[in-house]
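Participant: There's a structure below that I have some questions on.
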Amino acid sequence: MSSSGITRATLAKDLRLEWRSKDAINSMLFFALLVVVIFSFSFDPTAEESRRIAGGLVWVAFLFAAVVALNQTWARELRNQVLDAYRVSPAPANSLFLAKALGNFIFVTVLEALMAPLFIVFYNLRALGPGYQLLIVAVLGTWALVVNGTFFAAMSVRTRSREIMLPLLLFPITIPALLAMVEATSSILTGEFSARFWIVLLAAYDVVFTMASLFLFELVLQAE
Amino acid sequence: MKRAFPILAVLTAVLLSYGLYGALIVAPTEKTMGDVQRIFYYHVPSAWTAFTLFFLNLAASIVYLIRRNPKADALAFAAAEVGVVFCTVVLVTGPIWARPVWGIWWTWDLRLTLTLVLWLIYVSYLMLRRFSTSGQTPMMAAVLAVFGALDVPLVYFSIWFFRTQHPQPVIGGGGSIDPRMLHVLLINWAAFSCFAVLVCWSRYHLEVLSREVEETQALESLLEAGNSR
Amino acid sequence: MSYLYAAYVATWAIHIAYLGYLLRRYGRLRTEIEDLKKKR
């Protein structure tokens with residue numbers, strides 16, 4: 001089977017399994033809702049202020065929700081010893097990684113799509129800058145979180161305290177991307193600055209780490 | 001090799017003492033900041049040393065990825081750990097210097113933030129080393145080091161642009177430096193570099209030795225299990 | 001200037017703490033080596 005075929009098949013299988021059980025999406029959804037509500041209690045800004053801080057709040061909430069999704073990425077594979085099968089098969093490790101990353105990307109995007117209206121409502125948000133750019137930021141930003149998250153989730157799988165290891169590894173490396181996402185979102189909402197530099201930085205981040213992950217995933221998969 | 005260690009230790013002690021003397025007594029007092037500025041002679045060399053150690057970790061990690069040489073991995077581990085120690089010194093002395101001079105403990109300027117992010121990345125590296133149960137920990141740690149290195153330019157540019165959009169006072173600003181001050185700075189840099197070599201070497205030796213002991217212990221328990229039939 | 005001394009003391013406190021940690025590990029390693037030698 002070709003590598004793109006494997007990617008598609010693995011992705012389809014993951015999505016189908018998830019659709020049937022809705023394990024991950026339910027827990028992620030509820031967690032995300034809780035985060036939004038708690039943030040709304042903690043920060044009760046005016047419409048003017050909220051445009052400035054919403055960028056940060058929204059992306060921190062998405063980040064936490066993404067971590068919940070990422071932590072279960074490899075759980076099923078580990079339970080059923082699927083990883084061993086992948087290790088001995090001639091299939092390139094990249095295909096597996098890409099399938100997992102794309103699956104996570106879809107999960108987290110669905111989550112964001114569900115959380116965003118809540119944020120808009122709770123904070124009375126309205127973009128003063130070019131609103132369509134928010135979509136670009138969302139796509140690039142989510143991929144940045146997911147590509148490294150999926151990679152580090154694979155590394156964390158063989159550690160004690162697996163669930164806490166993932167954020168410990170992920171957060172420092174993600175700092176420039178987080179800064180970019182937050183600043184871009186704030187720039188677009190307040191309309192004060194152009195978000196162009198941040199979008200370019202996010203794109204560069206995505207390219208660099210997608211290549212690095214595809215290149216080095218083989219090594220991580222072999223780790224036993 | 002073994003004989004070099006005590007010689008280096010003596011040299012280091014001499015340099016450190018001379019450096020301390022220079023920093024506290026010989027160096028002229030700075031006009032605007034006063035004596036507090038002397039923290040500079042410890043803060044800056046520690047930073048240079050920390051970055052050099054992190055670079056050494058990167059080099060050793062890459063060597064390990066290419067050749068799978070276990071000694072390279074031991075060196076990577078040692079360099080990372082000692083690097084974090086020096087980086088901690090930088091992050092502690094920085095705010096202690098900033099507070100009396102600029103009135104604030106911390107600011108998210110380029111240098112400080114970059115140092116903090118590097119510290120975070122390498123602490124996460126050490127956590128991976130400590131908590132990993134895989135037999136391939138060296139491999140994963142080396143990969144993490146590469147990821148961290150790829151991240152550094154991105155961190156640099158993101159903070160640089162952030163600061164141009166939201167400017168704030170720069171701590172430890174530029175400007176020319178009195179040659180006497182430069183002299184003391186360089187002496188302390190040499191002193192701390194030698195100190196770092198000593199500590200890193202010790203840590204490397206400890207790592208190699210403890211791996212040998214672990215292997216021997218594992219072998220012993222295998223033999224025992226075999227004999228007790 | 002108390003800040004100055006605080007900085008210098010902090011620097012050496014951190015270094016000495018780390019060296020102490022290394023010495024402790026060396027000590028533990030030495031006892032393990034002794035144990036292994038005795039078994040032989």
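Letters A, B, ... go to the chains of the structure tokens in the order shown; residues in each chain start at 1; ligands are counted from 1 in the same order.
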I'd like the neighbourhood of C:Ala13 as a list in words, where a residue qualifies if any of its atoms comes within 12 Å (using only C-alpha atoms), though same-chain residues fewer than 4 positions away should be ignored.

Facilitator: Val85, Phe86, Thr88, Val89, Val92 and Thr93 of chain B; Tyr5, Ala6, Ala7, Tyr8, Val9, Ala17, Tyr18, Leu19 and Gly20 of chain C

Participant: Output C-alpha atoms of each residue in that selection to a file, as a PDB file, in the first residue's frame.

Facilitator:
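Writing done, so here's out_5.pdb:
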ATOM      1  CA  VAL B  85      22.831  25.292  36.269  1.00  0.00           C
ATOM      2  CA  PHE B  86      24.587  28.227  34.623  1.00  0.00           C
ATOM      3  CA  THR B  88      19.706  29.386  36.418  1.00  0.00           C
ATOM      4  CA  VAL B  89      22.480  31.655  37.677  1.00  0.00           C
ATOM      5  CA  VAL B  92      18.621  34.710  39.204  1.00  0.00           C
ATOM      6  CA  THR B  93      21.326  37.381  38.910  1.00  0.00           C
TER       7      THR B  93
ATOM      8  CA  TYR C   5      26.245  40.575  47.578  1.00  0.00           C
ATOM      9  CA  ALA C   6      22.922  38.799  47.112  1.00  0.00           C
ATOM     10  CA  ALA C   7      23.785  38.203  43.467  1.00  0.00           C
ATOM     11  CA  TYR C   8      27.275  36.884  44.167  1.00  0.00           C
ATOM     12  CA  VAL C   9      26.118  34.720  47.055  1.00  0.00           C
ATOM     13  CA  ALA C  17      24.403  23.087  45.568  1.00  0.00           C
ATOM     14  CA  TYR C  18      25.011  21.424  42.208  1.00  0.00           C
ATOM     15  CA  LEU C  19      28.509  20.291  43.173  1.00  0.00           C
ATOM     16  CA  GLY C  20      27.030  18.866  46.363  1.00  0.00           C
TER      17      GLY C  20
END

Participant: Write out as a list in words every residue belonging to chain B that has an atom at most 8 Å from any atom of chain A, counting only C-alpha atoms.

Facilitator: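 Taking only C-alpha atoms into account, Val117, Leu120, Ile121, Ser124, Tyr125, Leu128, Phe131, Ser132, Thr133, Ser134, Gly135, Gln136, Thr137, Met139, Met140, Val143, Phe147, Gly148, Leu150, Asp151, Leu154, Val155, Ser158 and Ile159 of chain B sit within 8 Å of chain A.
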
Participant: Kindly export the residues of the current selection with N, CA and C atoms, as an mmCIF file, in the first residue's frame.

Facilitator:
data_model
loop_
_atom_site.group_PDB
_atom_site.id
_atom_site.type_symbol
_atom_site.label_atom_id
_atom_site.label_comp_id
_atom_site.auth_asym_id
_atom_site.auth_seq_id
_atom_site.Cartn_x
_atom_site.Cartn_y
_atom_site.Cartn_z
ATOM 1 N N VAL B 117 13.310 31.074 27.830
ATOM 2 C CA VAL B 117 12.788 30.010 26.967
ATOM 3 C C VAL B 117 13.813 28.888 26.815
ATOM 4 N N LEU B 120 13.708 26.848 29.859
ATOM 5 C CA LEU B 120 12.522 25.986 29.866
ATOM 6 C C LEU B 120 12.715 24.778 28.956
ATOM 7 N N ILE B 121 13.254 25.014 27.761
ATOM 8 C CA ILE B 121 13.448 23.909 26.821
ATOM 9 C C ILE B 121 14.394 22.877 27.420
ATOM 10 N N SER B 124 12.909 20.904 30.255
ATOM 11 C CA SER B 124 12.029 19.845 29.740
ATOM 12 C C SER B 124 12.878 18.688 29.193
ATOM 13 N N TYR B 125 14.030 19.000 28.623
ATOM 14 C CA TYR B 125 14.978 17.975 28.165
ATOM 15 C C TYR B 125 15.401 17.090 29.340
ATOM 16 N N LEU B 128 12.611 14.835 30.442
ATOM 17 C CA LEU B 128 12.466 13.682 29.553
ATOM 18 C C LEU B 128 13.486 12.621 29.930
ATOM 19 N N PHE B 131 12.338 10.967 33.304
ATOM 20 C CA PHE B 131 11.090 10.217 33.380
ATOM 21 C C PHE B 131 10.903 9.188 32.278
ATOM 22 N N SER B 132 11.809 9.150 31.342
ATOM 23 C CA SER B 132 11.612 8.210 30.250
ATOM 24 C C SER B 132 11.916 6.797 30.702
ATOM 25 N N THR B 133 11.041 5.859 30.297
ATOM 26 C CA THR B 133 11.275 4.463 30.636
ATOM 27 C C THR B 133 11.747 3.675 29.422
ATOM 28 N N SER B 134 11.891 4.363 28.322
ATOM 29 C CA SER B 134 12.294 3.676 27.096
ATOM 30 C C SER B 134 13.786 3.380 27.121
ATOM 31 N N GLY B 135 14.180 2.345 26.391
ATOM 32 C CA GLY B 135 15.608 2.064 26.268
ATOM 33 C C GLY B 135 16.269 3.023 25.289
ATOM 34 N N GLN B 136 15.432 3.731 24.538
ATOM 35 C CA GLN B 136 15.964 4.629 23.521
ATOM 36 C C GLN B 136 15.920 6.076 23.966
ATOM 37 N N THR B 137 15.962 6.304 25.277
ATOM 38 C CA THR B 137 15.943 7.681 25.791
ATOM 39 C C THR B 137 16.982 8.565 25.135
ATOM 40 N N MET B 139 18.138 8.607 22.209
ATOM 41 C CA MET B 139 17.671 8.994 20.894
ATOM 42 C C MET B 139 16.629 10.101 20.984
ATOM 43 N N MET B 140 15.650 9.890 21.863
ATOM 44 C CA MET B 140 14.568 10.868 21.986
ATOM 45 C C MET B 140 15.082 12.190 22.528
ATOM 46 N N VAL B 143 16.718 14.048 19.765
ATOM 47 C CA VAL B 143 15.706 14.633 18.880
ATOM 48 C C VAL B 143 15.144 15.902 19.506
ATOM 49 N N PHE B 147 15.007 19.734 18.073
ATOM 50 C CA PHE B 147 13.786 20.541 18.031
ATOM 51 C C PHE B 147 14.009 21.872 18.737
ATOM 52 N N GLY B 148 14.661 21.806 19.909
ATOM 53 C CA GLY B 148 14.929 23.024 20.658
ATOM 54 C C GLY B 148 15.778 23.990 19.850
ATOM 55 N N LEU B 150 16.052 24.205 16.597
ATOM 56 C CA LEU B 150 15.247 24.758 15.507
ATOM 57 C C LEU B 150 14.348 25.871 16.025
ATOM 58 N N ASP B 151 13.944 25.729 17.283
ATOM 59 C CA ASP B 151 13.014 26.688 17.864
ATOM 60 C C ASP B 151 13.671 28.036 18.126
ATOM 61 N N LEU B 154 13.246 31.013 15.840
ATOM 62 C CA LEU B 154 11.840 31.411 15.823
ATOM 63 C C LEU B 154 11.504 32.197 17.084
ATOM 64 N N VAL B 155 12.023 31.748 18.225
ATOM 65 C CA VAL B 155 11.804 32.482 19.467
ATOM 66 C C VAL B 155 12.386 33.884 19.344
ATOM 67 N N SER B 158 10.279 36.088 17.061
ATOM 68 C CA SER B 158 8.957 36.405 17.593
ATOM 69 C C SER B 158 9.062 37.458 18.687
ATOM 70 N N ILE B 159 10.040 37.309 19.585
ATOM 71 C CA ILE B 159 10.175 38.292 20.654
ATOM 72 C C ILE B 159 10.658 39.625 20.100
#

Participant: Any idea what's packed within 8 Å of B:Leu75, counting only C-alpha atoms, ignoring anything in its chain fewer than 6 positions away? Could you give it as a PyMOL selection string?

Facilitator: chain B and resi 57+60+204

Participant: Could you give me, as CSV, every chain B residue with an atom at most 10 Å from chain C, plus its closest atom pair and distance in Å to one decimal, counting only C-alpha atoms, rows ordered by chain then number?

Facilitator:
residue,atom,partner,partner_atom,distance
B:Leu20,CA,C:Tyr8,CA,9.4
B:Leu24,CA,C:Leu4,CA,9.5
B:Gly34,CA,C:Met1,CA,9.1
B:Asp35,CA,C:Met1,CA,6.9
B:Val36,CA,C:Leu4,CA,5.1
B:Gln37,CA,C:Leu4,CA,7.9
B:Arg38,CA,C:Leu4,CA,7.0
B:Ile39,CA,C:Leu4,CA,6.0
B:Phe40,CA,C:Leu4,CA,9.7
B:Tyr41,CA,C:Tyr8,CA,9.8
B:Tyr42,CA,C:Tyr8,CA,7.4
B:His43,CA,C:Ala7,CA,8.7
B:Ser46,CA,C:Thr11,CA,9.2
B:Glu81,CA,C:Tyr18,CA,9.7
B:Val82,CA,C:Tyr18,CA,8.6
B:Val85,CA,C:His15,CA,7.2
B:Phe86,CA,C:His15,CA,8.0
B:Thr88,CA,C:Ile14,CA,8.0
B:Val89,CA,C:Thr11,CA,5.5
B:Val90,CA,C:Thr11,CA,8.5
B:Val92,CA,C:Ala10,CA,7.5
B:Thr93,CA,C:Ala7,CA,5.2
B:Gly94,CA,C:Ala7,CA,8.6
B:Pro95,CA,C:Ala7,CA,9.3
B:Ile96,CA,C:Ala7,CA,6.2
B:Trp97,CA,C:Tyr3,CA,7.1
B:Ala98,CA,C:Tyr3,CA,9.8
B:Arg99,CA,C:Tyr3,CA,8.6
B:Pro100,CA,C:Tyr3,CA,7.4
B:Phe195,CA,C:His15,CA,10.0
B:Val199,CA,C:Leu19,CA,7.8
B:Ser202,CA,C:Leu22,CA,8.2
B:Arg203,CA,C:Leu22,CA,7.2
B:His205,CA,C:Tyr26,CA,9.9
B:Leu206,CA,C:Tyr26,CA,6.8
B:Glu207,CA,C:Tyr26,CA,9.8
B:Leu209,CA,C:Leu29,CA,8.2
B:Ser210,CA,C:Leu29,CA,6.6
B:Glu212,CA,C:Ile33,CA,9.9
B:Val213,CA,C:Ile33,CA,6.9
B:Glu214,CA,C:Glu32,CA,9.4
B:Thr216,CA,C:Leu36,CA,8.1
B:Gln217,CA,C:Leu36,CA,7.4
B:Glu220,CA,C:Leu36,CA,8.4

Participant: Print the selection's residues with C-alpha atoms to a file, as a compact mmCIF listing (two decimals), in the first residue's frame.

Facilitator:
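Once everything was written out, this is result13.txt:
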# COMPACT_ATOMS: atom_id res chain seq x y z
CA LEU B 20 36.29 38.11 41.94
CA LEU B 24 34.77 43.85 43.35
CA GLY B 34 26.96 52.42 41.04
CA ASP B 35 28.38 49.33 42.64
CA VAL B 36 25.37 47.18 41.78
CA GLN B 37 26.62 47.15 38.22
CA ARG B 38 29.36 44.75 39.34
CA ILE B 39 26.80 41.94 39.13
CA PHE B 40 27.45 42.30 35.41
CA TYR B 41 30.83 40.54 35.82
CA TYR B 42 29.09 37.38 36.97
CA HIS B 43 25.84 37.66 35.02
CA SER B 46 27.45 32.94 33.10
CA GLU B 81 22.62 19.65 33.02
CA VAL B 82 25.54 22.00 33.66
CA VAL B 85 22.83 25.29 36.27
CA PHE B 86 24.59 28.23 34.62
CA THR B 88 19.71 29.39 36.42
CA VAL B 89 22.48 31.65 37.68
CA VAL B 90 21.77 34.03 34.76
CA VAL B 92 18.62 34.71 39.20
CA THR B 93 21.33 37.38 38.91
CA GLY B 94 19.45 39.20 36.13
CA PRO B 95 16.44 40.25 38.23
CA ILE B 96 18.66 40.94 41.25
CA TRP B 97 20.53 43.40 39.04
CA ALA B 98 17.44 44.82 37.39
CA ARG B 99 15.52 45.60 40.54
CA PRO B 100 17.77 48.29 42.09
CA PHE B 195 34.91 26.07 35.85
CA VAL B 199 32.04 20.53 36.20
CA SER B 202 32.99 15.53 36.19
CA ARG B 203 29.36 15.11 35.25
CA HIS B 205 32.64 10.97 33.98
CA LEU B 206 29.89 10.35 36.55
CA GLU B 207 27.46 9.46 33.77
CA LEU B 209 30.72 5.39 35.29
CA SER B 210 27.14 5.02 36.47
CA GLU B 212 28.96 0.92 33.49
CA VAL B 213 27.80 0.13 37.02
CA GLU B 214 24.21 -0.30 35.85
CA THR B 216 27.37 -4.68 35.50
CA GLN B 217 24.51 -4.83 37.97
CA GLU B 220 25.08 -9.78 37.81

Participant: Mind pulling up the distance from atom CA of A:Ile25 to atom CA of A:Thr10?

Facilitator: 18.1 Å

Participant: So that I can check the surroundings of stretch 3-12 of chain B, please list as a list of chain:residue names every protein, DNA and RNA residue that reaches within 7 Å of it, counting only C-alpha atoms and ignoring chain neighbours fewer than 6 positions away.

Facilitator: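 Everything that qualifies: B:Ala191, B:Cys194, B:Phe195, B:Leu198.
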
Participant: Distance atom CA of A:Asp44-atom CA of A:Pro130, one decimal place?

Facilitator: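 Rounded to one decimal, the two atoms are 25.1 Å apart.
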
Participant: Going by DSSP on the backbone, which residues of stretch 5-216 of chain B come out as alpha helix (DSSP H)? List them as an MDAnalysis selection string.

Facilitator: chainID B and resid 5:21 40:67 70:102 110:131 137:165 179:216

Participant: Skip A:Phe107 itself and residues of its chain fewer than 4 positions away, then list as a list in words all residues within 8 Å of it, counting only C-alpha atoms.

Facilitator: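 Final neighbour list, sorted by chain and number: Ile25, Ala69, Gly103 and Leu111 of chain A.
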